[in-house]
Amino acid sequence: MEKYFVVGDIVNTQGIKGELRLMPAVDDIKRFKLLKKIYIDRKGSITEYEIEGVRFHKQFVLLKLKGIDDMTAAERLKGTTAKITEDMALPCEEDEYYIRDLYDMEVVTDEGERLGILKDVIFTGANDVYEVQPHEGKSILIPAIKDCILNVDIENKIMTVRLLEGLR
């Protein structure tokens, strides 16, 4: 079974010639220029499309896909998810991780206290925020900054953090 990375959501159409407006879920939207194809997931049914064009407008990626040539065809893809296969993804640099590898990771403090499981990544303008669901009680929000995230062990699914004053 093929593994996929979510790269964005098709949120609308753009113009009358079949362009799609995609809200990206990647750090560097310029990476879309490197793609030759993309996979559209419509309620679990995945279809491969050849990319004819990529341009950028505000925070959106505008995609022109082969075979999607008018607004009516583009409308059918509204509300779907854009994905790429694992082999199409660029390798991570040092201290970079694929977001999907962080979910369900055990989060512990630098003092050995088990905080809980990383359940969500919240994307903000300045930095991401990790939502940790403790074994009991309310969620803990931890900013994804070097002062807080000390170590991420993908292989053993353990993240070591330092809680700054006021984070509990």
# chains A, B, ... in the order shown; residues from 1 in each chain; ligands from 1

$ closest_atom_pairs --of "segment 20-104 of chain A" --to "segment 142-166 of chain A" --cutoff "10 Å" --atoms "only C-alpha atoms" --output "Markdown table"
| residue | atom | partner | partner_atom | distance |
| --- | --- | --- | --- | --- |
| A:Asp95 | CA | A:Val152 | CA | 8.1 |
| A:Glu96 | CA | A:Val152 | CA | 9.4 |
| A:Tyr97 | CA | A:Ile154 | CA | 8.3 |
| A:Tyr98 | CA | A:Ile154 | CA | 9.6 |
| A:Asp101 | CA | A:Ile154 | CA | 6.7 |
| A:Leu102 | CA | A:Ile154 | CA | 7.4 |
| A:Tyr103 | CA | A:Lys157 | CA | 8.9 |
| A:Asp104 | CA | A:Lys157 | CA | 7.7 |

$ atom_distance --atom1 "atom CA of Arg31 of chain A" --atom2 "atom CA of Met105 of chain A"
27.0 Å
